Amino acid sequence: MARKKMTGGMEPTVSLSRLRAAKGFAAPRVLMESEVPVTLEEMLTAFQKSLGRANRSSLEASRGESEFLLGVRALYVIEGLNVTLRVGVKAGRIEGSKDKRVLVDFGAPEGERSEVQFKVQSKPLEAPKTAELLLADGDPLGSEHPRFHLIATLIGGPSPAETVKGMEGPPLPLRPLKARDVHFRIAGGDSGTMDSVALRTNELGQASLFVDAARNRVESGGFRGTLKQVDLLRENDDFFVFVTSQDPPLESNVLHFTIDRGGEPKGSAK
């Protein structure tokens with residue numbers, strides 16, 4: 001748990017808190033169960049991920065804000081954190097690796113500690129102007145890893161019929177496009193083959209698709225199927241996803257996903 005305090009210069013800083021048991025002295029928070037040393041990269045990444053999770057929560061909440069989706073209301077996230085830590089810092093090699101890393105020791109004696117200062121930054125949310133793919137954690141507990149949840153939000157202007165009807169008044173704004181056909185294109189990174197899944201957007205202009213790389217399957221609502229051309233089990237270690245639509249005509253930016261095969265899904269055959 002982090003605490004905020006204000007110094008004389010009115011700069012916000014963050015310090016690591018300590019967990020106090022019911023009895024006994026305060027003990028440092030356990031960072032990891034293994035004895036592998038923590039690298040500076042891992043520490044900085046952990047802070048960035050924490051801020052990213054907070055921003056992702058704001059983003060998920062924004063999907064229910066119709067005014068935000070229409071571009072009428074602006075939503076913002078935490079812009080940045082100024083962090084100061086006093087930790088032991090040294091250069092060394094982790095066992096089994098060849099390159100040197102900067103290692104940090106949170107339990108180093110006070111006299112051997114250095115002050116590490118850095119800033120974790122973010123950007124305000126912006127209303128999407130075209131189709132946008134969002135990657136969500138479809139398996140936060142890691143029981144079905146690897147599993148991906150893709151959400152496409154389709155936003156556009158009025159149809160030709162609506163344009164003619166609204167010529168006498170002000171121009172119609174961009175809005176979520178409901179009940180429109182979209183296609184998720186899934187391409188294998190190694191094989192170059194491709195599968196296509198046709199879906200329709202909901203009332204918020206969204207269509208979502210689960211990609212279960214551990215079973216080479218896709219799922220959306222009541223629809224379930226197996227990838228025919230792309231083999232995520234044996235042939236492809238990564239894959240690309242993009243979305244297309246004819247109304248309005250578009251092709252989204254390509255997103256690339258790497259499959260982590262470190263664990264088997266819960267309940268899978270051994």
# chains A, B, ... in the order shown; residues from 1 in each chain; ligands from 1
>>> residues_around(residues="Asn216 in chain A", least_positions_apart="2", cutoff="8 Å", atoms="only C-alpha atoms", output="PyMOL selection string")
chain A and resi 211-214+218+226-227+231-233
>>> residues_around(residues="Val254 in chain A", least_positions_apart="3", cutoff="8 Å", atoms="only C-alpha atoms", output="ChimeraX atom specification")
/A:240-242
>>> closest_residue(among="A:Ile94, A:Ala46, A:Leu150, A:Val87", to="Pro109 in chain A", atoms="only C-alpha atoms")
A:Val87
>>> select_by_dssp(residues="range 60-110 of chain A", states="strand (DSSP E)", output="list in words")
Gly80, Leu81, Asn82, Val83, Thr84, Leu85, Arg86, Val87, Gly88, Val89, Lys90, Ala91, Gly92, Arg101, Val102, Leu103, Val104 and Asp105 of chain A
>>> residues_around(residues="Lys178 in chain A", least_positions_apart="5", cutoff="10 Å", atoms="only C-alpha atoms", output="list in words")
Thr153, Leu154, Ile155, Arg200, Thr201, Asn202, Glu203, Leu204, Gly205, Gln206 and Ala207 of chain A
>>> residues_around(residues="Phe184 in chain A", least_positions_apart="4", cutoff="9 Å", atoms="only C-alpha atoms", output="list in words")
Ala152, Asp195, Ser196, Val197, Ala198, Leu199, Leu209, Val241, Phe242, Val243 and Thr244 of chain A
>>> write_last_selection(atoms="N, CA, C and O atoms", output="short mmCIF file (atom, residue, chain, number, x, y, z; two decimals), in the first residue's frame")
data_model
loop_
_atom_site.label_atom_id
_atom_site.label_comp_id
_atom_site.auth_asym_id
_atom_site.auth_seq_id
_atom_site.Cartn_x
_atom_site.Cartn_y
_atom_site.Cartn_z
N ALA A 152 -13.80 -4.46 -29.72
CA ALA A 152 -13.76 -3.44 -30.77
C ALA A 152 -14.93 -2.48 -30.57
O ALA A 152 -16.07 -2.91 -30.45
N ASP A 195 -7.88 -16.54 -40.04
CA ASP A 195 -9.28 -16.87 -39.79
C ASP A 195 -10.06 -15.58 -39.63
O ASP A 195 -9.53 -14.57 -39.17
N SER A 196 -11.36 -15.62 -39.97
CA SER A 196 -12.22 -14.45 -39.85
C SER A 196 -13.46 -14.81 -39.05
O SER A 196 -14.07 -15.86 -39.27
N VAL A 197 -13.81 -13.94 -38.10
CA VAL A 197 -15.00 -14.14 -37.27
C VAL A 197 -15.93 -12.95 -37.47
O VAL A 197 -15.55 -11.81 -37.20
N ALA A 198 -17.15 -13.20 -37.95
CA ALA A 198 -18.12 -12.14 -38.21
C ALA A 198 -19.00 -11.94 -36.98
O ALA A 198 -19.56 -12.88 -36.45
N LEU A 199 -19.10 -10.67 -36.52
CA LEU A 199 -19.92 -10.33 -35.36
C LEU A 199 -20.71 -9.06 -35.64
O LEU A 199 -20.44 -8.36 -36.62
N LEU A 209 -14.62 -10.45 -28.50
CA LEU A 209 -14.23 -11.79 -28.90
C LEU A 209 -13.15 -12.31 -27.95
O LEU A 209 -12.20 -11.60 -27.65
N VAL A 241 -4.15 -9.41 -34.79
CA VAL A 241 -5.59 -9.23 -34.85
C VAL A 241 -5.88 -7.84 -35.42
O VAL A 241 -5.24 -6.85 -35.03
N PHE A 242 -6.83 -7.75 -36.35
CA PHE A 242 -7.34 -6.45 -36.77
C PHE A 242 -8.81 -6.60 -37.12
O PHE A 242 -9.31 -7.70 -37.32
N VAL A 243 -9.52 -5.49 -37.15
CA VAL A 243 -10.96 -5.49 -37.35
C VAL A 243 -11.28 -4.73 -38.63
O VAL A 243 -10.69 -3.68 -38.91
N THR A 244 -12.22 -5.25 -39.40
CA THR A 244 -12.67 -4.57 -40.61
C THR A 244 -14.18 -4.38 -40.55
O THR A 244 -14.89 -5.10 -39.84
#
>>> atom_distance(atom1="CA of Arg86 in chain A", atom2="CA of Gln121 in chain A")
20.4 Å
>>> residues_around(residues="Leu70 in chain A", least_positions_apart="6", cutoff="8 Å", atoms="only C-alpha atoms", output="VMD selection string")
chain A and resid 127 173 to 176
>>> write_last_selection(atoms="N, CA and C atoms", output="mmCIF file, in the first residue's frame")
data_model
loop_
_atom_site.group_PDB
_atom_site.id
_atom_site.type_symbol
_atom_site.label_atom_id
_atom_site.label_comp_id
_atom_site.auth_asym_id
_atom_site.auth_seq_id
_atom_site.Cartn_x
_atom_site.Cartn_y
_atom_site.Cartn_z
ATOM 1 N N ALA A 127 -11.535 10.273 -26.398
ATOM 2 C CA ALA A 127 -12.632 9.551 -27.036
ATOM 3 C C ALA A 127 -12.173 9.021 -28.387
ATOM 4 N N PRO A 173 -23.431 14.446 -34.759
ATOM 5 C CA PRO A 173 -22.100 14.131 -34.226
ATOM 6 C C PRO A 173 -21.750 12.653 -34.400
ATOM 7 N N LEU A 174 -20.467 12.332 -34.156
ATOM 8 C CA LEU A 174 -20.045 10.942 -34.134
ATOM 9 C C LEU A 174 -20.710 10.232 -32.961
ATOM 10 N N ARG A 175 -20.982 8.945 -33.129
ATOM 11 C CA ARG A 175 -21.668 8.206 -32.077
ATOM 12 C C ARG A 175 -21.358 6.720 -32.231
ATOM 13 N N PRO A 176 -21.614 5.919 -31.190
ATOM 14 C CA PRO A 176 -21.432 4.471 -31.320
ATOM 15 C C PRO A 176 -22.378 3.907 -32.381
#
